[in-house]
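Okay, data_27.tsv now, which holds TSV, C-alpha atoms:
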chain	number	residue	atom	x	y	z
Q	1	SER	CA	-29.11	39.46	-20.99
Q	2	ASP	CA	-27.36	37.18	-18.48
Q	3	LYS	CA	-26.54	34.77	-21.28
Q	4	MET	CA	-25.26	37.67	-23.37
Q	5	GLN	CA	-22.96	38.78	-20.51
Q	6	ARG	CA	-21.51	35.26	-20.22
Q	7	VAL	CA	-20.94	35.16	-23.96
Q	8	LEU	CA	-19.33	38.61	-23.82
Q	9	ALA	CA	-17.10	37.54	-20.92
Q	10	MET	CA	-15.90	34.46	-22.82
Q	11	THR	CA	-15.58	36.10	-26.25
Q	12	PRO	CA	-12.28	37.80	-27.09
Q	13	LEU	CA	-12.33	41.55	-27.63
Q	14	TRP	CA	-11.43	41.33	-31.31
Q	15	ALA	CA	-14.43	39.07	-31.98
Q	16	LEU	CA	-16.74	41.60	-30.33
Q	17	THR	CA	-15.22	44.36	-32.39
Q	18	LEU	CA	-15.70	42.34	-35.57
Q	19	SER	CA	-19.28	41.57	-34.62
Q	20	ALA	CA	-20.11	45.22	-33.98
Q	21	LEU	CA	-18.36	46.20	-37.17
Q	22	SER	CA	-20.27	43.59	-39.16
Q	23	HIS	CA	-23.61	44.88	-37.86
Q	24	THR	CA	-22.62	48.38	-38.85
Q	25	VAL	CA	-21.45	47.19	-42.25
Q	26	ALA	CA	-24.66	45.20	-42.76
Q	27	ALA	CA	-26.75	48.27	-42.05
Q	28	THR	CA	-24.62	50.30	-44.41
Q	29	VAL	CA	-24.94	47.59	-47.08
Q	30	VAL	CA	-28.72	47.71	-46.92
Q	31	VAL	CA	-28.65	51.47	-47.36
Q	32	GLU	CA	-26.10	51.25	-50.16
Q	33	LYS	CA	-27.96	48.48	-51.98
Q	34	ARG	CA	-31.03	50.61	-52.13
Q	35	SER	CA	-29.17	53.61	-53.41
Q	36	ALA	CA	-26.89	52.05	-55.97
Q	37	ARG	CA	-28.41	49.09	-57.67
Q	38	SER	CA	-26.30	49.24	-60.70
Q	39	GLY	CA	-22.70	48.20	-59.97
Q	40	VAL	CA	-20.32	47.44	-57.14
Q	41	THR	CA	-19.49	50.57	-55.26
Q	42	PRO	CA	-16.41	51.09	-53.13
Q	43	VAL	CA	-18.52	50.79	-50.00
Q	44	GLN	CA	-19.85	47.46	-51.19
Q	45	LYS	CA	-16.32	46.33	-51.85
Q	46	VAL	CA	-15.39	47.26	-48.25
Q	47	ILE	CA	-18.47	45.44	-47.00
Q	48	GLU	CA	-17.47	42.32	-48.92
Q	49	LEU	CA	-13.99	42.52	-47.42
Q	50	MET	CA	-15.49	43.02	-43.98
Q	51	GLU	CA	-17.82	40.07	-44.44
Q	52	GLY	CA	-14.81	37.98	-45.48
Q	53	MET	CA	-12.99	39.12	-42.36
Q	54	LEU	CA	-16.05	38.27	-40.28
Q	55	ALA	CA	-16.24	34.77	-41.77
Q	56	LYS	CA	-12.53	34.31	-41.20
Q	57	GLY	CA	-12.87	35.54	-37.59
Q	58	LYS	CA	-15.76	33.16	-36.95
Q	59	ALA	CA	-13.73	30.26	-38.41
Q	60	GLU	CA	-10.74	31.17	-36.22
Q	61	LYS	CA	-13.05	31.47	-33.21
Q	62	HIS	CA	-14.45	28.01	-33.96
Q	63	ASP	CA	-10.91	26.58	-34.36
Q	64	GLU	CA	-9.91	28.23	-31.09
Q	65	GLN	CA	-12.94	26.74	-29.31
Q	66	VAL	CA	-12.09	23.28	-30.67
Q	67	GLN	CA	-8.48	23.70	-29.57
Q	68	PHE	CA	-9.60	24.92	-26.13
Q	69	ALA	CA	-12.00	21.98	-25.77
Q	70	ALA	CA	-9.18	19.55	-26.61
Q	71	TYR	CA	-6.86	21.29	-24.12
Q	72	LYS	CA	-9.59	21.26	-21.46
Q	73	GLN	CA	-10.14	17.54	-22.07
Q	74	PHE	CA	-6.37	16.94	-21.77
Q	75	CYS	CA	-6.31	18.90	-18.50
Q	76	ASP	CA	-9.31	16.98	-17.13
Q	77	ASP	CA	-7.78	13.64	-18.10
Q	78	THR	CA	-4.41	14.61	-16.65
Q	79	THR	CA	-6.06	15.79	-13.43
Q	80	VAL	CA	-7.88	12.49	-13.01
Q	81	GLU	CA	-4.73	10.54	-13.78
Q	82	LYS	CA	-2.60	12.57	-11.38
Q	83	LYS	CA	-5.19	12.30	-8.59
Q	84	ARG	CA	-5.24	8.53	-9.06
Q	85	ALA	CA	-1.44	8.43	-9.04
Q	86	ILE	CA	-1.37	10.51	-5.86
Q	87	GLU	CA	-3.89	8.21	-4.17
Q	88	GLU	CA	-1.84	5.15	-5.17
Q	89	ALA	CA	1.35	6.81	-3.94
Q	90	ASN	CA	-0.31	7.70	-0.61
Q	91	GLU	CA	-1.47	4.10	-0.20
Q	92	LYS	CA	2.01	2.88	-1.00
Q	93	ILE	CA	3.46	5.35	1.51
Q	94	GLU	CA	1.15	3.95	4.20
Q	95	VAL	CA	2.17	0.39	3.34
Q	96	LEU	CA	5.83	1.36	3.44
Q	97	LYS	CA	5.39	3.15	6.77
Q	98	ALA	CA	3.80	0.00	8.19
Q	99	ASP	CA	6.67	-2.05	6.81
Q	100	ILE	CA	9.18	0.33	8.38
Q	101	GLU	CA	7.47	0.02	11.77
Q	102	LYS	CA	7.37	-3.76	11.45
Q	103	TYR	CA	11.03	-3.99	10.47
Q	104	THR	CA	12.03	-1.54	13.20
Q	105	ALA	CA	10.29	-3.72	15.79
Q	106	THR	CA	11.92	-6.83	14.32
Q	107	ALA	CA	15.32	-5.12	14.39
Q	108	ALA	CA	14.84	-4.15	18.05
Q	109	LYS	CA	13.84	-7.72	18.95
Q	110	LEU	CA	16.81	-9.16	17.06
Q	111	THR	CA	19.14	-6.64	18.72
Q	112	GLU	CA	17.98	-7.91	22.12
Q	113	GLU	CA	18.51	-11.51	21.02
Q	114	ILE	CA	21.99	-10.65	19.72
Q	115	ALA	CA	22.85	-9.01	23.05
Q	116	ALA	CA	21.71	-12.15	24.89
Q	117	HIS	CA	23.75	-14.35	22.54
Q	118	ASP	CA	26.79	-12.09	22.94
Q	119	GLU	CA	26.47	-12.47	26.70
Q	120	ASP	CA	26.22	-16.27	26.33
Q	121	ILE	CA	29.28	-16.27	24.07
Q	122	SER	CA	31.33	-14.22	26.55
Q	123	VAL	CA	30.31	-16.62	29.37
Q	124	TRP	CA	31.24	-19.61	27.21
Q	125	LYS	CA	34.59	-18.06	26.32
Q	126	GLY	CA	35.27	-17.51	30.03
Q	127	ASP	CA	34.31	-21.12	30.74
Q	128	GLN	CA	36.54	-22.28	27.90
Q	129	LYS	CA	39.51	-20.28	29.25
Q	130	ALA	CA	38.94	-21.70	32.76
Q	131	ALA	CA	38.64	-25.24	31.40
Q	132	THR	CA	41.80	-24.73	29.34
Q	133	LYS	CA	43.71	-23.60	32.44
Q	134	VAL	CA	42.42	-26.59	34.42
Q	135	ARG	CA	43.44	-28.94	31.58
Q	136	GLU	CA	46.88	-27.32	31.41
Q	137	LEU	CA	47.35	-27.77	35.18
Q	138	GLU	CA	46.09	-31.36	35.02
Q	139	LYS	CA	48.41	-32.04	32.07
Q	140	ALA	CA	51.35	-30.61	33.99
Q	141	ASP	CA	50.46	-32.81	36.98
Q	142	TYR	CA	50.04	-35.80	34.68
Q	143	ASP	CA	53.35	-35.11	32.94
Q	144	ALA	CA	55.13	-34.84	36.32
Q	145	MET	CA	53.48	-38.02	37.63
Q	146	HIS	CA	54.17	-39.83	34.35
Q	147	ALA	CA	57.82	-38.82	34.51
Q	148	ASP	CA	58.00	-39.96	38.14
Q	149	TYR	CA	56.32	-43.31	37.37
Q	150	SER	CA	58.45	-43.76	34.28
Q	151	GLU	CA	61.58	-43.18	36.36
Q	152	SER	CA	60.31	-45.56	39.08
Q	153	ILE	CA	59.49	-48.24	36.51
Q	154	ASP	CA	62.86	-47.74	34.88
Q	155	ALA	CA	64.59	-48.02	38.30
Q	156	LEU	CA	62.59	-51.15	39.12
Q	157	GLU	CA	63.45	-52.71	35.77
Q	158	ARG	CA	67.13	-51.98	36.40
Q	159	ALA	CA	66.88	-53.35	39.94
Q	160	ILE	CA	65.18	-56.52	38.67
Q	161	ALA	CA	67.88	-56.88	36.06
Q	162	VAL	CA	70.57	-56.49	38.72
Q	163	LEU	CA	68.84	-58.98	41.01
Q	164	LYS	CA	68.52	-61.48	38.18
Q	165	LYS	CA	72.24	-61.22	37.60
Q	166	GLN	CA	72.83	-61.99	41.28
Q	167	ALA	CA	70.47	-64.94	41.36
Q	168	TYR	CA	72.15	-67.22	43.94
Q	169	ASP	CA	71.33	-68.45	47.46
Q	170	ARG	CA	71.59	-66.05	50.34
Q	171	LYS	CA	71.05	-66.19	53.92
Q	172	GLN	CA	67.66	-65.41	55.17
Q	173	SER	CA	68.86	-62.87	57.66
Q	174	SER	CA	66.73	-60.27	56.19
Q	175	PHE	CA	63.74	-62.55	56.72
Q	176	VAL	CA	64.48	-62.67	60.43
Q	177	GLN	CA	64.26	-58.92	60.56
Q	178	VAL	CA	60.88	-59.07	58.90
Q	179	SER	CA	59.58	-61.68	61.38
Q	180	ALA	CA	60.72	-59.48	64.25
Q	181	LEU	CA	58.72	-56.66	62.81
Q	182	GLN	CA	55.65	-58.82	62.66
Q	183	LYS	CA	55.81	-59.34	66.38
Q	184	LEU	CA	55.72	-55.66	67.07
Q	185	SER	CA	52.32	-54.28	67.66
Q	186	LEU	CA	51.88	-51.24	65.51
Q	187	ILE	CA	48.27	-50.76	66.38
Q	188	PRO	CA	47.55	-49.83	70.00
Q	189	GLU	CA	44.95	-51.85	71.69
In structure tokens, what does this structure look like?
Amino acid sequence: SDKMQRVLAMTPLWALTLSALSHTVAATVVVEKRSARSGVTPVQKVIELMEGMLAKGKAEKHDEQVQFAAYKQFCDDTTVEKKRAIEEANEKIEVLKADIEKYTATAAKLTEEIAAHDEDISVWKGDQKAATKVRELEKADYDAMHADYSESIDALERAIAVLKKQAYDRKQSSFVQVSALQKLSLIPE
């Protein structure tokens, strides 16, 4: 009875109708066969048609069950495949999340290092500007001193040339002035 209810729940309505109709027809056939043994009666003809319909219905039911079994197998296979794909995707998501965290930490560390290097660079640029100013001042001093020395050397060279042109004996009067200076005491005792 329980098995019959499950079969009835799974069986389409038209199959149940055909089944009931075939039982009725079979009962009628038995009665008709007893009554008319001679030839094919119209009722027998209907019964034959009904039996043909029943056989065709059973064949269609079998084909439908085969088709359903194939579809169910496809669904089961697809479900397994999709669950596996979802699990793989979830694992990949976890790996990618870990990578994101790792790269975020690396980016933060590198950002700090870049800030430190930027600070070093700004200090070095300041030092470079200060050193450039010092070098410019020293160069200006050097250029002024060089010009002064060059002028002094040039004046001395001209004076030597003039003195060489006047190379004759002179009185040593200027030497007397120098000896008088030597006698002066410049350093107090």
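Atom pair CA of Met53 in chain Q / CA of Gln65 in chain Q has a distance of 18.0 Å (rounded to one decimal).
CA of Ile93 in chain Q to CA of Thr79 in chain Q spans 20.6 Å [interatomic distance, one decimal].
One finds CA of Glu119 in chain Q at 21.4 Å from CA of Ala105 in chain Q.
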Listed atoms of range 147-166 of chain Q, axis-aligned box, 8 Å per side: centre and edge lengths to one decimal in Å, as lines of an AutoDock Vina configuration file?
center_x = 64.6
center_y = -50.4
center_z = 37.8
size_x = 32.5
size_y = 39.2
size_z = 23.0
